[in-house]
>>> print(open('upload11.txt').read())   # compact mmCIF, C-alpha atoms
# COMPACT_ATOMS: atom_id res chain seq x y z
CA MET A 1 43.98 64.08 90.53
CA LYS A 2 41.24 65.81 88.53
CA ALA A 3 38.65 63.50 90.05
CA VAL A 4 39.81 64.46 93.55
CA LEU A 5 39.65 68.16 92.70
CA ARG A 6 36.16 67.75 91.27
CA LEU A 7 35.09 65.95 94.43
CA ILE A 8 36.51 68.73 96.61
CA ALA A 9 34.79 71.34 94.43
CA CYS A 10 31.47 69.50 94.74
CA LEU A 11 31.83 69.32 98.52
CA VAL A 12 32.60 73.05 98.70
CA VAL A 13 29.59 73.90 96.53
CA ALA A 14 27.36 71.62 98.62
CA GLY A 15 28.62 73.25 101.83
CA VAL A 16 27.99 76.75 100.50
CA ALA A 17 24.52 75.73 99.29
CA LEU A 18 23.69 74.30 102.72
CA GLU A 19 24.77 77.50 104.47
CA LEU A 20 22.69 79.58 102.04
CA PHE A 21 19.72 77.33 102.77
CA PHE A 22 20.18 77.98 106.49
CA VAL A 23 20.42 81.73 105.89
CA VAL A 24 17.15 81.72 103.91
CA ARG A 25 15.39 79.57 106.53
CA ILE A 26 16.46 81.83 109.39
CA ALA A 27 15.69 85.04 107.48
CA ALA A 28 12.18 83.74 106.78
CA MET A 29 11.64 83.38 110.52
CA THR A 30 11.56 87.15 110.89
CA VAL A 31 7.95 86.96 109.67
CA LEU A 32 7.05 83.25 109.56
CA ASP A 33 6.68 81.02 112.62
CA PRO A 34 8.56 77.73 112.11
CA GLN A 35 6.06 74.88 111.81
CA SER A 36 8.47 72.34 113.26
CA THR A 37 12.12 71.85 114.17
CA ALA A 38 14.60 69.14 113.24
CA PHE A 39 14.50 67.88 116.83
CA GLN A 40 10.69 67.80 116.88
CA ARG A 41 10.56 65.82 113.63
CA SER A 42 13.00 63.31 115.07
CA GLU A 43 10.90 63.01 118.24
CA ALA A 44 7.68 62.71 116.21
CA PHE A 45 9.21 59.79 114.33
CA GLN A 46 10.10 58.03 117.58
CA ILE A 47 6.63 58.67 119.03
CA ALA A 48 4.98 57.38 115.85
CA ILE A 49 7.02 54.18 116.08
CA HIS A 50 6.32 53.48 119.74
CA GLN A 51 2.85 54.98 120.29
CA GLY A 52 1.23 55.26 116.88
CA ARG A 53 1.14 58.17 114.48
CA GLY A 54 0.09 61.45 116.06
CA ALA A 55 -0.16 59.99 119.57
CA GLY A 56 1.02 61.98 122.57
CA TRP A 57 1.91 65.20 120.73
CA ARG A 58 1.24 68.58 122.35
CA GLN A 59 2.18 71.97 120.93
CA GLU A 60 0.41 75.29 120.44
CA TRP A 61 2.16 78.42 119.20
CA VAL A 62 1.39 81.56 121.20
CA PRO A 63 2.73 85.08 120.55
CA TYR A 64 5.47 86.50 122.75
CA ALA A 65 3.02 88.78 124.58
CA GLN A 66 0.85 85.82 125.63
CA ILE A 67 3.71 84.11 127.47
CA ASN A 68 3.93 85.33 131.05
CA ASP A 69 7.03 87.44 131.73
CA THR A 70 7.65 85.27 134.78
CA LEU A 71 8.40 82.30 132.53
CA LYS A 72 10.66 84.37 130.29
CA ARG A 73 12.60 85.58 133.31
CA ALA A 74 12.74 82.09 134.82
CA VAL A 75 14.12 80.54 131.63
CA ILE A 76 16.73 83.27 131.21
CA ALA A 77 17.73 83.04 134.88
CA SER A 78 18.03 79.26 134.68
CA GLU A 79 19.45 78.73 131.19
CA ASP A 80 21.26 81.86 130.03
CA ALA A 81 21.61 84.82 132.40
CA GLY A 82 23.54 86.85 129.82
CA PHE A 83 21.03 86.29 127.02
CA VAL A 84 20.34 89.95 126.21
CA ASP A 85 24.04 90.89 126.20
CA HIS A 86 25.90 88.15 124.31
CA ASN A 87 26.12 87.65 120.54
CA GLY A 88 24.84 84.09 120.54
CA VAL A 89 27.87 82.33 121.99
CA GLU A 90 29.54 82.65 125.39
CA TRP A 91 33.04 81.31 124.92
CA GLU A 92 33.89 81.46 128.62
CA ALA A 93 30.86 79.30 129.46
CA ILE A 94 31.91 76.77 126.82
CA GLU A 95 35.41 76.60 128.28
CA ARG A 96 34.05 76.18 131.83
CA ALA A 97 31.79 73.38 130.60
CA ARG A 98 34.75 71.71 128.85
CA GLN A 99 36.78 71.79 132.06
CA ARG A 100 33.88 70.45 134.15
CA ASN A 101 33.26 67.65 131.66
CA ALA A 102 36.95 66.71 131.58
CA ARG A 103 36.93 66.37 135.37
CA ALA A 104 33.64 64.46 135.27
CA GLU A 105 35.03 62.01 132.70
CA GLU A 106 38.17 61.49 134.77
CA LEU A 107 36.16 60.74 137.91
CA ALA A 108 33.75 58.53 135.93
CA ALA A 109 36.67 56.48 134.61
CA LYS A 110 37.91 55.87 138.16
CA ARG A 111 34.41 54.91 139.35
CA ALA A 112 33.98 52.62 136.35
CA ALA A 113 37.25 50.83 137.14
CA ARG A 114 36.11 50.25 140.73
CA ALA A 115 32.67 49.11 139.57
CA VAL A 116 34.14 46.59 137.12
CA ALA A 117 36.47 45.25 139.81
CA ARG A 118 33.47 44.69 142.11
CA GLY A 119 31.28 43.26 139.36
CA LYS A 120 28.83 46.17 139.51
CA PRO A 121 27.24 48.01 136.55
CA VAL A 122 29.06 51.03 135.18
CA GLN A 123 27.14 54.29 135.46
CA PRO A 124 27.26 56.59 132.41
CA VAL A 125 29.02 59.93 132.79
CA ARG A 126 26.75 63.00 132.81
CA LEU A 127 28.20 65.83 130.75
CA ARG A 128 27.11 69.47 130.99
CA GLY A 129 26.95 71.96 128.17
CA GLY A 130 27.75 75.66 128.02
CA SER A 131 25.18 76.48 125.36
CA THR A 132 23.27 79.75 125.27
CA ILE A 133 19.55 79.92 124.48
CA THR A 134 20.52 80.94 120.94
CA GLN A 135 22.76 77.89 120.54
CA GLN A 136 20.05 75.60 121.87
CA LEU A 137 17.59 77.08 119.39
CA ALA A 138 20.07 76.69 116.52
CA LYS A 139 20.61 73.03 117.37
CA ASN A 140 16.94 72.19 117.81
CA LEU A 141 15.77 74.09 114.73
CA LEU A 142 18.14 72.83 112.08
CA LEU A 143 20.59 70.20 113.31
CA SER A 144 20.75 66.58 114.43
CA GLY A 145 21.32 65.56 118.02
CA GLU A 146 24.67 63.87 117.37
CA ARG A 147 27.68 64.98 119.44
CA THR A 148 30.49 65.74 116.99
CA LEU A 149 32.89 68.63 116.52
CA LEU A 150 31.43 69.27 113.04
CA ARG A 151 27.90 69.52 114.42
CA LYS A 152 29.08 71.78 117.25
CA GLY A 153 30.87 74.02 114.77
CA GLN A 154 27.74 74.30 112.64
CA GLU A 155 25.76 75.14 115.78
CA LEU A 156 28.06 78.07 116.50
CA VAL A 157 27.69 79.35 112.93
CA LEU A 158 23.89 79.08 113.08
CA ALA A 159 23.76 80.79 116.48
CA THR A 160 25.66 83.71 114.98
CA LEU A 161 23.27 83.82 112.01
CA LEU A 162 20.27 83.82 114.35
CA GLU A 163 21.68 86.78 116.25
CA VAL A 164 22.45 88.68 113.02
CA LEU A 165 19.12 88.05 111.28
CA LEU A 166 16.68 88.02 114.22
CA ASP A 167 16.33 90.22 117.28
CA LYS A 168 16.52 88.85 120.82
CA ARG A 169 12.76 89.02 121.36
CA ARG A 170 12.09 86.89 118.28
CA ILE A 171 14.79 84.37 119.24
CA LEU A 172 13.25 83.96 122.69
CA GLU A 173 9.74 83.72 121.23
CA ILE A 174 10.73 80.92 118.85
CA TYR A 175 12.69 79.14 121.57
CA LEU A 176 9.84 79.21 124.10
CA ASN A 177 7.36 77.93 121.53
CA ASN A 178 9.49 74.99 120.42
CA VAL A 179 11.63 73.82 123.34
CA GLU A 180 10.89 70.34 124.71
CA TRP A 181 9.17 70.11 128.11
CA GLY A 182 8.49 66.37 128.21
CA GLU A 183 7.88 63.51 125.81
CA GLY A 184 5.86 65.02 122.97
CA VAL A 185 5.36 68.26 124.93
CA PHE A 186 6.75 71.27 123.07
CA GLY A 187 6.48 74.96 123.84
CA ALA A 188 5.40 77.05 126.80
CA GLU A 189 1.67 76.82 126.16
CA ALA A 190 1.61 73.04 125.88
CA ALA A 191 3.82 72.68 128.97
CA SER A 192 1.69 75.06 131.02
CA GLN A 193 -1.52 73.23 130.08
CA TYR A 194 0.05 69.79 130.57
CA TYR A 195 1.58 70.39 134.00
CA PHE A 196 -0.60 73.11 135.52
CA ARG A 197 -3.86 73.10 133.51
CA LYS A 198 -3.64 76.78 132.69
CA PRO A 199 -2.40 78.98 129.80
CA ALA A 200 1.19 80.21 129.73
CA SER A 201 -0.07 83.77 130.28
CA ARG A 202 -1.22 82.84 133.82
CA LEU A 203 1.75 80.95 135.21
CA SER A 204 2.77 81.85 138.75
CA THR A 205 6.37 82.60 139.67
CA ASN A 206 6.84 79.18 141.27
CA GLU A 207 5.27 77.35 138.32
CA ALA A 208 7.43 79.26 135.86
CA ALA A 209 10.57 78.45 137.85
CA ARG A 210 9.69 74.76 138.00
CA LEU A 211 9.24 74.64 134.22
CA ALA A 212 12.56 76.43 133.70
CA VAL A 213 14.42 73.96 135.92
CA MET A 214 13.06 71.07 133.84
CA LEU A 215 14.65 72.25 130.60
CA PRO A 216 18.03 70.51 130.75
CA SER A 217 16.33 67.10 131.27
CA PRO A 218 12.59 67.47 130.60
CA LYS A 219 11.84 63.76 130.14
CA PHE A 220 13.60 62.95 133.42
CA PHE A 221 11.75 65.62 135.40
CA GLU A 222 8.43 64.86 133.71
CA ARG A 223 8.25 61.77 135.92
CA ARG A 224 9.55 63.67 138.98
CA ILE A 225 7.60 66.93 138.86
CA GLY A 226 7.21 66.96 142.66
CA SER A 227 10.77 66.00 143.55
CA PRO A 228 12.61 67.87 146.36
CA TYR A 229 15.48 68.58 143.96
CA LEU A 230 13.16 70.30 141.50
CA SER A 231 11.63 72.36 144.31
CA GLY A 232 15.04 73.38 145.60
CA ARG A 233 16.32 74.38 142.18
CA ALA A 234 13.08 76.30 141.53
CA SER A 235 13.70 78.33 144.70
CA THR A 236 17.19 79.19 143.45
CA VAL A 237 15.81 80.28 140.08
CA MET A 238 13.12 82.43 141.73
CA ALA A 239 15.84 84.25 143.67
CA ARG A 240 17.66 85.00 140.41
CA MET A 241 14.61 86.05 138.40
CA PRO A 242 14.49 89.75 139.45
CA ALA A 243 17.93 90.21 137.89
CA ALA A 244 16.96 88.52 134.62
CA GLU A 245 16.67 91.13 131.87
CA LEU A 246 14.05 90.63 129.17
CA PRO A 247 14.54 91.60 125.50
>>> encode(input="upload11.txt", output="structure tokens")
Amino acid sequence: MKAVLRLIACLVVAGVALELFFVVRIAAMTVLDPQSTAFQRSEAFQIAIHQGRGAGWRQEWVPYAQINDTLKRAVIASEDAGFVDHNGVEWEAIERARQRNARAEELAAKRAARAVARGKPVQPVRLRGGSTITQQLAKNLLLSGERTLLRKGQELVLATLLEVLLDKRRILEIYLNNVEWGEGVFGAEAASQYYFRKPASRLSTNEAARLAVMLPSPKFFERRIGSPYLSGRASTVMARMPAAELP
């Protein structure tokens, strides 16, 4: 019994220490730009394995003022329209995503049954998230990409910490400088140079909207940058951009 209690105590202490580590890391970001994120390190490892160390990596940090406001508005309009108003988590969006995913899984199960009966391959189900920009940043900065309730719970805690310790402008600045825009392409400046051969400060409204639409599946759209779907979604985002409020 004592051994069990000691184990529980050790786990509690380790959990508290981990949370304190996260608090210190996030607090430091008020003045220090993060050199890398957990997601980027994972991607760098995969790139090093398949392409050779250091191959195919693009990233350049630029200050908030050097990122065109059109891109900021496009990303907010596309990814998180309530960014300036929420406290890091939008519970209603999470619930809507849960309901959509439940329906998608139910339909996918029926399609899979028909596919198996006909001897055809089973298509994977595509799930949608209800994450805010702050949640996405929390996940990419400090967490793994695994889909578990524990990881999701930690994401919500970290999103709250980000909102408490950093202001909205800083959260958006860090997000735009670290978010993935293709294989080995991270941040607004690298994406702007890679796709449009210009700095992020000179992006047009259409170019900004196209980059914003890529964010949910950047590696997929990297190979389909001129697709009709991307163009159509970019038009929708451009219509929403005037209502997008910047921090």
>>> closest_residue(input="upload11.txt", among="A:Asn178, A:Arg197, A:Phe220, A:Glu173", to="Ala65 in chain A", atoms="only C-alpha atoms")
A:Glu173
>>> closest_residue(input="upload11.txt", among="A:Trp61, A:Arg210, A:Ile49, A:Leu20", to="Pro228 in chain A", atoms="all atoms listed in the file")
A:Arg210
>>> atom_distance(input="upload11.txt", atom1="CA of Phe22 in chain A", atom2="CA of Ile133 in chain A")
18.1 Å
>>> atom_distance(input="upload11.txt", atom1="CA of Glu163 in chain A", atom2="CA of Met214 in chain A")
25.1 Å
>>> residues_around(input="upload11.txt", residues="Trp181 in chain A", least_positions_apart="2", cutoff="12 Å", atoms="only C-alpha atoms", output="PyMOL selection string")
chain A and resi 40+57-59+175-179+183-195+210-223+225
>>> closest_residue(input="upload11.txt", among="A:Ala209, A:Arg25, A:Ala234, A:Arg41", to="Ala74 in chain A", atoms="only C-alpha atoms")
A:Ala209
>>> atom_distance(input="upload11.txt", atom1="CA of Gln135 in chain A", atom2="CA of Ala159 in chain A")
5.1 Å
>>> closest_residue(input="upload11.txt", among="A:Ser204, A:Thr37, A:Ser227, A:Asn87", to="Val157 in chain A", atoms="only C-alpha atoms")
A:Asn87
>>> closest_residue(input="upload11.txt", among="A:Arg169, A:His86, A:Arg233, A:Lys152", to="Lys72 in chain A", atoms="only C-alpha atoms")
A:Arg169
>>> build_atoms(input="upload11.txt", residues="range 138-159 of chain A", atoms="N, CA and C atoms", output="tab-separated table (two decimals), keeping the file's coordinate frame")
chain	number	residue	atom	x	y	z
A	138	ALA	N	19.42	77.05	117.78
A	138	ALA	CA	20.07	76.69	116.52
A	138	ALA	C	20.12	75.18	116.36
A	139	LYS	N	20.51	74.49	117.42
A	139	LYS	CA	20.61	73.03	117.37
A	139	LYS	C	19.25	72.39	117.15
A	140	ASN	N	18.25	72.81	117.91
A	140	ASN	CA	16.94	72.19	117.81
A	140	ASN	C	16.25	72.49	116.48
A	141	LEU	N	16.44	73.70	115.96
A	141	LEU	CA	15.77	74.09	114.73
A	141	LEU	C	16.26	73.33	113.51
A	142	LEU	N	17.58	73.21	113.38
A	142	LEU	CA	18.14	72.83	112.08
A	142	LEU	C	19.13	71.68	112.10
A	143	LEU	N	19.52	71.19	113.27
A	143	LEU	CA	20.59	70.20	113.31
A	143	LEU	C	20.15	68.89	113.96
A	144	SER	N	20.99	67.88	113.80
A	144	SER	CA	20.75	66.58	114.43
A	144	SER	C	21.23	66.64	115.87
A	145	GLY	N	20.92	65.60	116.63
A	145	GLY	CA	21.32	65.56	118.02
A	145	GLY	C	22.67	64.90	118.26
A	146	GLU	N	23.39	64.55	117.21
A	146	GLU	CA	24.67	63.87	117.37
A	146	GLU	C	25.70	64.81	118.02
A	147	ARG	N	26.64	64.21	118.75
A	147	ARG	CA	27.68	64.98	119.44
A	147	ARG	C	28.99	64.84	118.67
A	148	THR	N	29.24	65.74	117.74
A	148	THR	CA	30.49	65.74	116.99
A	148	THR	C	31.01	67.17	116.91
A	149	LEU	N	32.30	67.30	116.65
A	149	LEU	CA	32.89	68.63	116.52
A	149	LEU	C	32.30	69.37	115.32
A	150	LEU	N	32.02	68.64	114.23
A	150	LEU	CA	31.43	69.27	113.04
A	150	LEU	C	30.06	69.83	113.35
A	151	ARG	N	29.24	69.04	114.07
A	151	ARG	CA	27.90	69.52	114.42
A	151	ARG	C	27.97	70.71	115.37
A	152	LYS	N	28.92	70.67	116.32
A	152	LYS	CA	29.08	71.78	117.25
A	152	LYS	C	29.53	73.04	116.51
A	153	GLY	N	30.43	72.87	115.55
A	153	GLY	CA	30.87	74.02	114.77
A	153	GLY	C	29.73	74.64	113.98
A	154	GLN	N	28.89	73.78	113.39
A	154	GLN	CA	27.74	74.30	112.64
A	154	GLN	C	26.76	75.01	113.57
A	155	GLU	N	26.62	74.49	114.78
A	155	GLU	CA	25.76	75.14	115.78
A	155	GLU	C	26.22	76.56	116.08
A	156	LEU	N	27.52	76.75	116.22
A	156	LEU	CA	28.06	78.07	116.50
A	156	LEU	C	27.81	79.03	115.34
A	157	VAL	N	27.96	78.52	114.11
A	157	VAL	CA	27.69	79.35	112.93
A	157	VAL	C	26.22	79.76	112.89
A	158	LEU	N	25.33	78.79	113.12
A	158	LEU	CA	23.89	79.08	113.08
A	158	LEU	C	23.46	80.02	114.21
A	159	ALA	N	24.07	79.87	115.37
A	159	ALA	CA	23.76	80.79	116.48
A	159	ALA	C	24.12	82.22	116.10
